[in-house]
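Dumped structure.txt below, it's compact mmCIF, C-alpha atoms (C1' of nucleotides):
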```txt
# COMPACT_ATOMS: atom_id res chain seq x y z
CA MET A 1 81.66 79.68 43.44
CA ARG A 2 80.00 78.52 46.62
CA TRP A 3 82.04 76.03 48.60
CA SER A 4 79.19 73.50 48.49
CA GLU A 5 79.54 73.33 44.69
CA ILE A 6 83.12 72.11 44.89
CA GLU A 7 81.88 68.52 44.81
CA ARG A 8 81.20 68.91 41.11
CA VAL A 9 84.77 69.95 40.24
CA PRO A 10 86.43 66.91 38.59
CA CYS A 11 89.90 67.65 39.98
CA PRO A 12 91.58 65.22 42.37
CA VAL A 13 92.80 67.96 44.71
CA ALA A 14 89.32 69.50 44.86
CA GLN A 15 87.81 66.08 45.56
CA ALA A 16 90.33 65.51 48.35
CA MET A 17 89.24 68.86 49.77
CA VAL A 18 85.61 67.76 49.78
CA VAL A 19 86.61 65.03 52.22
CA ILE A 20 89.49 66.49 54.25
CA GLY A 21 89.32 70.20 53.41
CA ASP A 22 88.76 71.35 56.96
CA SER A 23 91.29 71.92 59.69
CA TRP A 24 89.44 70.16 62.49
CA THR A 25 88.91 67.18 60.20
CA VAL A 26 92.64 66.86 59.66
CA LEU A 27 93.34 67.05 63.39
CA ILE A 28 90.71 64.37 63.98
CA LEU A 29 92.48 62.13 61.47
CA ARG A 30 95.82 62.83 63.14
CA ASP A 31 94.38 61.63 66.45
CA ALA A 32 92.79 58.60 64.82
CA PHE A 33 96.20 57.57 63.44
CA ARG A 34 97.59 57.91 66.95
CA GLY A 35 94.95 55.58 68.33
CA ALA A 36 91.93 57.67 69.35
CA THR A 37 88.57 55.98 68.78
CA ARG A 38 86.08 57.56 71.18
CA PHE A 39 84.23 60.86 71.02
CA ASP A 40 85.75 62.22 74.22
CA ALA A 41 89.26 61.18 73.22
CA PHE A 42 88.92 63.09 69.95
CA GLN A 43 87.52 66.07 71.81
CA ARG A 44 90.40 66.23 74.28
CA ALA A 45 93.12 65.53 71.73
CA SER A 46 91.92 67.84 68.97
CA GLY A 47 90.34 70.57 71.09
CA ALA A 48 87.44 70.88 68.64
CA PRO A 49 84.07 72.06 70.01
CA ARG A 50 81.69 69.15 70.54
CA ALA A 51 79.17 70.27 67.91
CA VAL A 52 81.94 70.65 65.32
CA LEU A 53 83.47 67.32 66.28
CA SER A 54 80.10 65.61 65.94
CA GLU A 55 79.53 67.12 62.51
CA ARG A 56 83.06 66.27 61.27
CA LEU A 57 82.95 62.68 62.46
CA SER A 58 79.64 62.23 60.63
CA HIS A 59 81.20 63.80 57.55
CA LEU A 60 84.11 61.35 57.67
CA VAL A 61 81.71 58.43 58.11
CA THR A 62 79.59 59.65 55.18
CA HIS A 63 82.68 59.73 52.98
CA GLY A 64 83.82 56.26 53.97
CA VAL A 65 86.93 57.43 55.83
CA MET A 66 85.77 56.32 59.27
CA GLU A 67 83.24 53.85 60.64
CA ARG A 68 80.96 54.31 63.62
CA VAL A 69 80.75 51.06 65.53
CA GLN A 70 78.76 50.32 68.65
CA TYR A 71 81.06 48.68 71.18
CA GLU A 72 78.58 48.46 74.04
CA ALA A 73 74.81 48.04 73.93
CA HIS A 74 73.65 49.20 77.39
CA PRO A 75 74.22 52.06 77.59
CA PRO A 76 74.90 52.53 73.85
CA ARG A 77 78.54 53.50 73.27
CA PHE A 78 80.26 54.15 69.97
CA ALA A 79 83.78 54.10 68.60
CA TYR A 80 85.08 55.72 65.44
CA THR A 81 87.68 53.72 63.54
CA LEU A 82 89.51 54.33 60.28
CA THR A 83 88.50 52.36 57.20
CA ASP A 84 90.98 51.28 54.52
CA ARG A 85 90.15 54.47 52.68
CA GLY A 86 90.90 56.42 55.84
CA ARG A 87 94.18 54.64 56.52
CA ALA A 88 95.22 55.49 52.96
CA LEU A 89 95.31 59.13 54.06
CA GLN A 90 98.35 58.46 56.27
CA PRO A 91 100.82 59.65 53.56
CA VAL A 92 98.96 62.96 53.31
CA LEU A 93 99.29 63.56 57.05
CA LEU A 94 102.94 62.46 56.98
CA ALA A 95 103.70 64.92 54.18
CA MET A 96 102.01 67.76 56.09
CA SER A 97 103.82 66.89 59.28
CA HIS A 98 107.17 66.70 57.51
CA TRP A 99 106.62 70.07 55.87
CA ALA A 100 105.89 71.71 59.21
CA GLU A 101 108.83 69.97 60.88
CA THR A 102 111.20 71.38 58.27
CA HIS A 103 109.62 74.72 57.32
CA VAL A 104 107.86 76.15 60.37
CA GLU A 105 109.93 78.10 62.88
CA THR A 106 107.57 77.62 65.85
CA PRO A 107 109.08 75.12 68.33
CA LEU A 108 107.36 71.78 67.77
CA ARG A 109 106.80 68.63 69.74
CA LYS A 110 108.67 65.72 68.10
CA PRO A 111 106.20 63.31 66.50
CA GLY A 112 107.78 60.14 67.99
CA ARG A 113 107.07 58.12 64.87
CA ARG A 114 108.69 54.87 63.80
CA HIS A 115 108.69 52.74 60.63
CA THR A 116 108.12 49.15 61.69
CA THR A 117 109.58 47.72 58.46
CA CYS A 118 113.07 48.92 59.44
CA GLY A 119 112.51 49.97 63.05
CA HIS A 120 113.89 53.49 62.60
CA ARG A 121 112.54 56.96 63.25
CA PHE A 122 112.13 58.42 59.78
CA ALA A 123 111.18 61.28 57.56
CA PRO A 124 108.59 60.65 54.84
CA VAL A 125 110.03 61.10 51.33
CA VAL A 126 107.75 61.38 48.32
CA THR A 127 109.20 59.42 45.42
CA CYS A 128 108.29 58.60 41.83
CA SER A 129 106.49 55.28 41.24
CA GLU A 130 108.39 54.85 37.95
CA CYS A 131 112.02 55.59 38.83
CA GLY A 132 112.01 55.63 42.64
CA GLU A 133 113.79 58.98 42.84
CA PRO A 134 112.47 61.79 45.08
CA VAL A 135 109.88 64.12 43.58
CA ASP A 136 109.69 67.84 44.25
CA ALA A 137 108.40 71.02 42.66
CA ALA A 138 111.50 71.33 40.46
CA THR A 139 111.01 67.90 38.87
CA VAL A 140 107.27 67.86 38.21
CA THR A 141 105.67 69.37 35.12
CA TYR A 142 102.02 69.66 34.18
CA ASP A 143 100.55 69.25 30.71
CA ARG A 144 97.94 71.98 31.03
CA ALA A 145 98.08 75.49 32.45
CA PRO A 146 95.34 76.43 34.95
CA ALA A 147 92.00 77.38 33.30
CA MET B 148 89.16 75.71 71.58
CA ARG B 149 88.83 78.65 69.22
CA TRP B 150 90.43 78.07 65.84
CA SER B 151 92.57 81.21 66.26
CA GLU B 152 94.30 79.57 69.24
CA ILE B 153 95.57 76.68 67.14
CA GLU B 154 98.78 78.61 66.47
CA ARG B 155 99.91 77.84 70.00
CA VAL B 156 99.57 74.06 69.61
CA PRO B 157 103.13 72.67 69.25
CA CYS B 158 102.14 69.86 66.90
CA PRO B 159 103.47 69.72 63.32
CA VAL B 160 100.12 68.81 61.83
CA ALA B 161 98.40 71.66 63.67
CA GLN B 162 101.09 74.06 62.50
CA ALA B 163 100.65 72.90 58.93
CA MET B 164 96.92 73.61 59.35
CA VAL B 165 97.67 77.17 60.46
CA VAL B 166 99.21 77.75 57.04
CA ILE B 167 97.24 75.48 54.66
CA GLY B 168 94.22 74.51 56.75
CA ASP B 169 91.68 76.01 54.40
CA SER B 170 90.22 74.51 51.25
CA TRP B 171 90.50 77.59 49.03
CA THR B 172 94.12 77.95 50.14
CA VAL B 173 94.91 74.44 48.94
CA LEU B 174 93.24 75.05 45.58
CA ILE B 175 95.24 78.28 45.23
CA LEU B 176 98.44 76.32 45.83
CA ARG B 177 97.37 73.69 43.30
CA ASP B 178 96.99 76.43 40.68
CA ALA B 179 100.29 78.02 41.65
CA PHE B 180 102.04 74.67 41.04
CA ARG B 181 100.38 74.55 37.64
CA GLY B 182 101.73 77.96 36.75
CA ALA B 183 99.20 80.57 37.85
CA THR B 184 100.72 83.82 39.14
CA ARG B 185 98.10 86.54 38.70
CA PHE B 186 95.03 87.41 40.72
CA ASP B 187 92.58 86.82 37.90
CA ALA B 188 94.21 83.54 36.93
CA PHE B 189 93.79 82.29 40.49
CA GLN B 190 90.23 83.50 40.54
CA ARG B 191 89.28 81.71 37.34
CA ALA B 192 91.18 78.51 38.12
CA SER B 193 90.12 78.10 41.76
CA GLY B 194 86.66 79.65 41.56
CA ALA B 195 87.15 81.37 44.92
CA PRO B 196 85.27 84.65 45.53
CA ARG B 197 87.53 87.67 45.06
CA ALA B 198 87.42 88.77 48.70
CA VAL B 199 88.33 85.26 49.88
CA LEU B 200 91.08 84.97 47.29
CA SER B 201 92.54 88.30 48.37
CA GLU B 202 92.53 87.27 52.02
CA ARG B 203 94.05 83.85 51.31
CA LEU B 204 96.83 85.18 49.10
CA SER B 205 97.75 87.65 51.86
CA HIS B 206 97.71 84.80 54.35
CA LEU B 207 100.11 82.77 52.20
CA VAL B 208 102.41 85.78 51.79
CA THR B 209 102.35 86.40 55.55
CA HIS B 210 103.42 82.81 56.17
CA GLY B 211 106.24 82.92 53.64
CA VAL B 212 104.64 80.48 51.22
CA MET B 213 104.15 83.00 48.42
CA GLU B 214 105.62 86.34 47.44
CA ARG B 215 103.80 89.34 46.02
CA VAL B 216 105.93 90.97 43.37
CA GLN B 217 105.14 94.00 41.25
CA TYR B 218 105.76 93.16 37.60
CA GLU B 219 104.55 96.44 36.11
CA ALA B 220 104.65 99.94 37.56
CA HIS B 221 102.08 101.87 35.47
CA PRO B 222 99.45 100.75 36.07
CA PRO B 223 100.62 98.77 39.14
CA ARG B 224 100.32 95.04 38.54
CA PHE B 225 101.26 92.21 40.86
CA ALA B 226 102.15 88.55 40.58
CA TYR B 227 102.08 85.89 43.29
CA THR B 228 104.87 83.34 43.13
CA LEU B 229 105.79 80.40 45.33
CA THR B 230 108.79 80.71 47.64
CA ASP B 231 111.06 77.76 48.50
CA ARG B 232 108.86 77.15 51.50
CA GLY B 233 105.84 77.11 49.22
CA ARG B 234 107.42 74.78 46.66
CA ALA B 235 108.18 72.41 49.54
CA LEU B 236 104.43 71.86 49.84
CA GLN B 237 104.36 70.04 46.50
CA PRO B 238 104.59 66.58 48.16
CA VAL B 239 101.55 67.39 50.29
CA LEU B 240 99.48 68.26 47.24
CA LEU B 241 100.76 65.18 45.40
CA ALA B 242 99.75 62.94 48.30
CA MET B 243 96.27 64.49 48.38
CA SER B 244 95.86 64.15 44.66
CA HIS B 245 97.01 60.54 44.68
CA TRP B 246 94.59 59.68 47.47
CA ALA B 247 91.68 61.12 45.53
CA GLU B 248 92.78 59.44 42.31
CA THR B 249 92.76 56.05 44.01
CA HIS B 250 90.00 56.38 46.63
CA VAL B 251 87.30 58.70 45.31
CA GLU B 252 84.64 57.24 43.03
CA THR B 253 83.68 60.54 41.35
CA PRO B 254 85.02 60.62 37.77
CA LEU B 255 88.16 62.75 37.76
CA ARG B 256 90.16 64.67 35.21
CA LYS B 257 93.62 63.10 34.84
CA PRO B 258 96.28 65.34 36.36
CA GLY B 259 98.66 65.19 33.35
CA ARG B 260 101.73 65.22 35.54
CA ARG B 261 105.24 64.14 34.60
CA HIS B 262 108.47 63.51 36.52
CA THR B 263 111.27 65.25 34.60
CA THR B 264 113.99 63.12 36.23
CA CYS B 265 112.76 60.03 34.37
CA GLY B 266 110.27 61.55 31.94
CA HIS B 267 107.35 59.33 32.96
CA ARG B 268 103.84 59.98 34.20
CA PHE B 269 103.94 58.79 37.78
CA ALA B 270 102.17 58.19 41.05
CA PRO B 271 103.70 59.72 44.20
CA VAL B 272 104.84 57.09 46.71
CA VAL B 273 105.68 58.04 50.29
CA THR B 274 108.78 56.17 51.42
CA CYS B 275 110.95 55.91 54.53
CA SER B 276 114.06 58.11 54.60
CA GLU B 277 115.97 55.33 56.42
CA CYS B 278 115.19 52.18 54.44
CA GLY B 279 113.57 53.52 51.27
CA GLU B 280 110.58 51.20 51.53
CA PRO B 281 107.00 52.53 51.18
CA VAL B 282 105.33 53.80 54.34
CA ASP B 283 101.65 53.33 55.14
CA ALA B 284 99.34 53.21 58.13
CA ALA B 285 100.20 49.57 58.82
CA THR B 286 103.93 50.25 59.13
CA VAL B 287 103.96 53.42 61.23
CA THR B 288 103.77 53.43 65.02
CA TYR B 289 103.61 56.35 67.44
CA ASP B 290 105.31 56.58 70.83
CA ARG B 291 102.51 58.41 72.59
CA ALA B 292 98.75 57.95 72.59
CA PRO B 293 96.64 61.08 71.98
CA ALA B 294 96.21 63.34 75.03
C1' DC C 295 84.79 108.92 24.73
C1' DC C 296 83.88 104.28 25.40
C1' DT C 297 85.39 99.68 26.37
C1' DG C 298 88.48 96.43 28.34
C1' DT C 299 92.03 94.68 31.68
C1' DA C 300 94.19 93.93 36.24
C1' DG C 301 93.90 93.93 41.04
C1' DG C 302 91.65 94.78 44.29
C1' DT C 303 87.81 96.85 48.28
C1' DT C 304 83.20 97.42 50.19
C1' DC C 305 78.71 96.16 51.31
C1' DA C 306 74.54 93.66 52.94
C1' DT C 307 73.10 89.20 53.52
C1' DA C 308 73.75 84.13 54.34
C1' DT C 309 76.02 80.53 56.58
C1' DT C 310 78.96 78.61 60.00
C1' DC C 311 81.43 78.44 64.40
C1' DT C 312 81.69 78.71 69.32
C1' DG C 313 81.05 77.95 74.40
C1' DA C 314 77.90 76.78 77.57
C1' DA C 315 74.16 74.36 78.97
C1' DC C 316 71.44 70.47 78.66
C1' DC C 317 69.96 65.45 78.02
C1' DA C 318 69.79 60.20 78.16
C1' DA C 319 71.24 56.04 80.11
C1' DC C 320 73.68 53.65 82.57
C1' DC C 321 77.47 52.53 86.51
C1' DC C 322 79.38 52.70 91.17
C1' DA C 323 79.83 54.14 95.98
C1' DT C 324 77.85 55.73 100.13
C1' DA D 325 68.13 55.53 97.06
C1' DT D 326 70.78 59.36 96.20
C1' DG D 327 74.51 61.63 94.36
C1' DG D 328 78.25 61.76 91.35
C1' DG D 329 80.79 60.18 87.24
C1' DT D 330 81.08 58.51 82.31
C1' DT D 331 79.95 58.55 77.39
C1' DG D 332 78.03 60.45 73.40
C1' DG D 333 75.81 63.45 71.98
C1' DT D 334 72.01 67.94 70.90
C1' DT D 335 70.42 72.69 71.36
C1' DC D 336 70.84 77.49 71.76
C1' DA D 337 72.09 82.47 71.05
C1' DG D 338 75.66 85.42 69.75
C1' DA D 339 80.18 85.99 67.19
C1' DA D 340 82.78 85.34 63.20
C1' DT D 341 83.21 84.26 58.15
C1' DA D 342 81.69 83.59 53.46
C1' DT D 343 79.28 85.10 49.49
C1' DG D 344 77.83 87.70 45.07
C1' DA D 345 77.36 91.97 43.32
C1' DA D 346 78.78 96.41 42.84
C1' DC D 347 82.29 99.65 42.99
C1' DC D 348 87.13 101.82 42.51
C1' DT D 349 91.79 103.01 40.46
C1' DA D 350 94.78 103.37 36.73
C1' DC D 351 95.98 102.68 32.56
C1' DA D 352 95.74 101.16 27.15
C1' DG D 353 93.57 100.87 22.65
C1' DG D 354 90.28 102.22 19.08
```

Encoded form using structure tokens:
Amino acid sequence: MRWSEIERVPCPVAQAMVVIGDSWTVLILRDAFRGATRFDAFQRASGAPRAVLSERLSHLVTHGVMERVQYEAHPPRFAYTLTDRGRALQPVLLAMSHWAETHVETPLRKPGRRHTTCGHRFAPVVTCSECGEPVDAATVTYDRAPA
Amino acid sequence: MRWSEIERVPCPVAQAMVVIGDSWTVLILRDAFRGATRFDAFQRASGAPRAVLSERLSHLVTHGVMERVQYEAHPPRFAYTLTDRGRALQPVLLAMSHWAETHVETPLRKPGRRHTTCGHRFAPVVTCSECGEPVDAATVTYDRAPA
DNA sequence: CCTGTAGGTTCATATTCTGAACCAACCCAT
DNA sequence: ATGGGTTGGTTCAGAATATGAACCTACAGG
């Protein structure tokens, strides 16, 4: 299967990959959550080559995750901001970050992240919408086996 | 920045990308969570070309996410199973899946997923380890701005 | 002996990534 | 008015990866 055909796969994970299935894209989102909005800011923070950055930002705009807004007319200047759909990806990034913080041995920079509801530094915990208890691989079952 | 240099970036999200920053890799993990263990099962379920699948499975083994175990000596046959580190990625996949289920317009197959603790079909909710309340983009702040 | 299964590797071709250079349009300072 | 800086890109040629098809090993069953 060619990667370009993945769009036709009716699986939620595959559809998520259509939108964020690229490493630079994820780093761009990380920087957007931390406040980056301008092309050069994304370039410095992510380290992505300019051509790649340009293509990925367009991709995110096409998929409704970011918006390109002109913030100055002369000369024309643009900012990239997250949409609601983009902000909804925060839990995905939090889960990735938490996994690396707890399962990667490389020394890491602390994220410096705070939950404003309670004011504390926190770890993201994935819980069940029905019972509120934590969810992990041992407590999830699937109806169907893979194809 | 070359993608191969990302390993030296001391950011949790970047480190997560070193391990799972590839679309086929994520689909392989999805199928592993649903019970796939053999090469051909991964190939059929993910649709990845054999050479890519081979490379990605090796990559996951190298990073301690999966193990390659011989389950038959003559002829030699191998199975790929998730390690603890690999099973810890379940919340990441759940968050991705949930995002697509709620924010992608393409018609999707239902995941058919159940939480054994309570027995219900569920949606994954990312919560704060300190106060237990849900976490989203509006309630997370970062200490530092991007570089 | 022929077919099928499992787990790959190899190859030639197609696509994508990368760094470096370039461009447009303006601003400010000298 | 001339030169440098800022912002947001595009273009290019060469390097790296992805792809489908074919091939290989080693066995089992009919």

Problem - Which residue of B:Phe186, B:Tyr218, B:Phe269, B:Trp246 approaches chain C most closely, using only C-alpha atoms (C1' of nucleotides) - result: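 That would be B:Phe186, the residue with the smallest distance to chain C.
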
Exercise for the section: Identify, on the basis of all atoms listed in the file, every residue whose closest approach to D:DG327 does not exceed 12 Å; exclude the query and any residue fewer than 3 positions from it along the same chain; express the result as a PyMOL selection string. Expected result: chain C and resi 322-324

Practice task
Could you list the residues in chain C lying within 9 Å of chain A, using all atoms listed in the file, and format the result as a PyMOL selection string?
Solution key: chain C and resi 311-313+319-320

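Pairwise distance (atom CA of B:Thr228, atom CA of B:Ala179) equals 7.2 Å.
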
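The list of chain D residues within 10 Å of chain B is DT341, DA342, DT343, DG344, DT349, DA350, DC351 and DA352 of chain D; this uses all atoms listed in the file.
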
Could you produce a table of the residues of chain B lying within 6 Å of chain A, with the nearest pair of atoms per residue and their separation in Å rounded to one decimal, using only C-alpha atoms, ordered by chain and increasing residue number, as a Markdown table?
```
| residue | atom | partner | partner_atom | distance |
| --- | --- | --- | --- | --- |
| B:Met148 | CA | A:Gly47 | CA | 5.3 |
| B:Pro157 | CA | A:Leu108 | CA | 4.6 |
| B:Cys158 | CA | A:Arg109 | CA | 5.6 |
| B:Pro159 | CA | A:Ser97 | CA | 4.9 |
| B:Val160 | CA | A:Ser97 | CA | 4.9 |
| B:Ala163 | CA | A:Ala100 | CA | 5.4 |
| B:Met164 | CA | A:Ser23 | CA | 5.9 |
| B:Gly168 | CA | A:Ser23 | CA | 4.9 |
| B:Ser170 | CA | A:Gly21 | CA | 4.9 |
| B:Asp178 | CA | A:Pro146 | CA | 6.0 |
| B:Arg181 | CA | A:Ala145 | CA | 5.8 |
| B:Ala192 | CA | A:Ala147 | CA | 5.0 |
| B:Gly194 | CA | A:Met1 | CA | 5.3 |
| B:Ala195 | CA | A:Met1 | CA | 5.9 |
| B:Arg234 | CA | A:Ala137 | CA | 5.6 |
| B:Gln237 | CA | A:Ala137 | CA | 5.7 |
| B:Val239 | CA | A:Ala95 | CA | 5.1 |
| B:Ala242 | CA | A:Val92 | CA | 5.1 |
| B:Met243 | CA | A:Val92 | CA | 5.8 |
| B:Ser244 | CA | A:Val13 | CA | 4.9 |
| B:Ala247 | CA | A:Pro12 | CA | 5.2 |
| B:Glu248 | CA | A:Pro12 | CA | 5.9 |
| B:Leu255 | CA | A:Pro10 | CA | 4.6 |
| B:Arg256 | CA | A:Pro10 | CA | 5.5 |
| B:Gly259 | CA | A:Asp143 | CA | 5.2 |
| B:Arg260 | CA | A:Tyr142 | CA | 4.7 |
| B:Arg261 | CA | A:Thr141 | CA | 5.3 |
| B:His262 | CA | A:Val140 | CA | 4.8 |
| B:Thr263 | CA | A:Thr139 | CA | 5.0 |
| B:Phe269 | CA | A:Ser129 | CA | 5.5 |
| B:Ala270 | CA | A:Ser129 | CA | 5.2 |
| B:Pro271 | CA | A:Cys128 | CA | 5.3 |
| B:Val272 | CA | A:Thr127 | CA | 5.1 |
| B:Val273 | CA | A:Val126 | CA | 4.4 |
| B:Thr274 | CA | A:Val125 | CA | 5.1 |
| B:Cys275 | CA | A:Pro124 | CA | 5.3 |
| B:Ser276 | CA | A:Ala123 | CA | 5.2 |
| B:Glu277 | CA | A:Phe122 | CA | 6.0 |
| B:Ala284 | CA | A:Arg87 | CA | 5.6 |
| B:Thr286 | CA | A:Thr116 | CA | 5.0 |
| B:Val287 | CA | A:His115 | CA | 4.8 |
| B:Thr288 | CA | A:Arg114 | CA | 5.3 |
| B:Tyr289 | CA | A:Arg113 | CA | 4.7 |
| B:Asp290 | CA | A:Gly112 | CA | 5.2 |
| B:Ala292 | CA | A:Arg34 | CA | 5.8 |
| B:Pro293 | CA | A:Ala45 | CA | 5.7 |
| B:Ala294 | CA | A:Ala45 | CA | 5.0 |
```

Kindly reconstruct stretch 117-144 of chain A with N, CA and C atoms and present the result as an mmCIF file, in the coordinates of the input.
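part-v1.cif, written as the output of this step:
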```
data_model
loop_
_atom_site.group_PDB
_atom_site.id
_atom_site.type_symbol
_atom_site.label_atom_id
_atom_site.label_comp_id
_atom_site.auth_asym_id
_atom_site.auth_seq_id
_atom_site.Cartn_x
_atom_site.Cartn_y
_atom_site.Cartn_z
ATOM 1 N N THR A 117 108.854 48.533 59.433
ATOM 2 C CA THR A 117 109.580 47.720 58.460
ATOM 3 C C THR A 117 111.087 47.680 58.779
ATOM 4 N N CYS A 118 111.632 48.872 59.157
ATOM 5 C CA CYS A 118 113.070 48.920 59.440
ATOM 6 C C CYS A 118 113.355 49.258 60.910
ATOM 7 N N GLY A 119 112.326 49.684 61.625
ATOM 8 C CA GLY A 119 112.510 49.970 63.050
ATOM 9 C C GLY A 119 113.047 51.354 63.373
ATOM 10 N N HIS A 120 113.286 52.182 62.352
ATOM 11 C CA HIS A 120 113.890 53.490 62.600
ATOM 12 C C HIS A 120 112.866 54.620 62.673
ATOM 13 N N ARG A 121 113.247 55.691 63.394
ATOM 14 C CA ARG A 121 112.540 56.960 63.250
ATOM 15 C C ARG A 121 112.875 57.456 61.851
ATOM 16 N N PHE A 122 111.912 58.109 61.201
ATOM 17 C CA PHE A 122 112.130 58.420 59.780
ATOM 18 C C PHE A 122 111.473 59.721 59.380
ATOM 19 N N ALA A 123 111.880 60.187 58.223
ATOM 20 C CA ALA A 123 111.180 61.280 57.560
ATOM 21 C C ALA A 123 110.495 60.688 56.334
ATOM 22 N N PRO A 124 109.262 61.132 56.042
ATOM 23 C CA PRO A 124 108.590 60.650 54.840
ATOM 24 C C PRO A 124 109.172 61.339 53.612
ATOM 25 N N VAL A 125 109.484 60.563 52.571
ATOM 26 C CA VAL A 125 110.030 61.100 51.330
ATOM 27 C C VAL A 125 109.103 60.703 50.188
ATOM 28 N N VAL A 126 108.634 61.692 49.441
ATOM 29 C CA VAL A 126 107.750 61.380 48.320
ATOM 30 C C VAL A 126 108.596 61.064 47.097
ATOM 31 N N THR A 127 108.396 59.867 46.556
ATOM 32 C CA THR A 127 109.200 59.420 45.420
ATOM 33 C C THR A 127 108.312 59.089 44.218
ATOM 34 N N CYS A 128 108.966 58.896 43.096
ATOM 35 C CA CYS A 128 108.290 58.600 41.830
ATOM 36 C C CYS A 128 108.048 57.093 41.720
ATOM 37 N N SER A 129 106.818 56.704 41.365
ATOM 38 C CA SER A 129 106.490 55.280 41.240
ATOM 39 C C SER A 129 107.265 54.632 40.090
ATOM 40 N N GLU A 130 107.736 55.419 39.134
ATOM 41 C CA GLU A 130 108.390 54.850 37.950
ATOM 42 C C GLU A 130 109.892 54.672 38.129
ATOM 43 N N CYS A 131 110.560 55.701 38.732
ATOM 44 C CA CYS A 131 112.020 55.590 38.830
ATOM 45 C C CYS A 131 112.511 55.522 40.281
ATOM 46 N N GLY A 132 111.616 55.755 41.243
ATOM 47 C CA GLY A 132 112.010 55.630 42.640
ATOM 48 C C GLY A 132 112.750 56.823 43.201
ATOM 49 N N GLU A 133 113.072 57.798 42.357
ATOM 50 C CA GLU A 133 113.790 58.980 42.840
ATOM 51 C C GLU A 133 112.817 59.959 43.509
ATOM 52 N N PRO A 134 113.335 60.799 44.425
ATOM 53 C CA PRO A 134 112.470 61.790 45.080
ATOM 54 C C PRO A 134 111.828 62.746 44.065
ATOM 55 N N VAL A 135 110.647 63.203 44.419
ATOM 56 C CA VAL A 135 109.880 64.120 43.580
ATOM 57 C C VAL A 135 109.755 65.444 44.316
ATOM 58 N N ASP A 136 109.976 66.543 43.636
ATOM 59 C CA ASP A 136 109.690 67.840 44.250
ATOM 60 C C ASP A 136 109.229 68.811 43.179
ATOM 61 N N ALA A 137 108.988 70.062 43.588
ATOM 62 C CA ALA A 137 108.400 71.020 42.660
ATOM 63 C C ALA A 137 109.270 71.225 41.421
ATOM 64 N N ALA A 138 110.592 71.081 41.577
ATOM 65 C CA ALA A 138 111.500 71.330 40.460
ATOM 66 C C ALA A 138 111.460 70.210 39.414
ATOM 67 N N THR A 139 110.964 69.032 39.807
ATOM 68 C CA THR A 139 111.010 67.900 38.870
ATOM 69 C C THR A 139 109.629 67.405 38.458
ATOM 70 N N VAL A 140 108.610 68.231 38.671
ATOM 71 C CA VAL A 140 107.270 67.860 38.210
ATOM 72 C C VAL A 140 106.794 68.909 37.207
ATOM 73 N N THR A 141 106.273 68.433 36.076
ATOM 74 C CA THR A 141 105.670 69.370 35.120
ATOM 75 C C THR A 141 104.238 68.948 34.852
ATOM 76 N N TYR A 142 103.416 69.916 34.490
ATOM 77 C CA TYR A 142 102.020 69.660 34.180
ATOM 78 C C TYR A 142 101.751 69.926 32.714
ATOM 79 N N ASP A 143 100.872 69.105 32.126
ATOM 80 C CA ASP A 143 100.550 69.250 30.710
ATOM 81 C C ASP A 143 99.790 70.548 30.427
ATOM 82 N N ARG A 144 98.828 70.839 31.286
ATOM 83 C CA ARG A 144 97.940 71.980 31.030
ATOM 84 C C ARG A 144 98.214 73.109 32.019
#
```
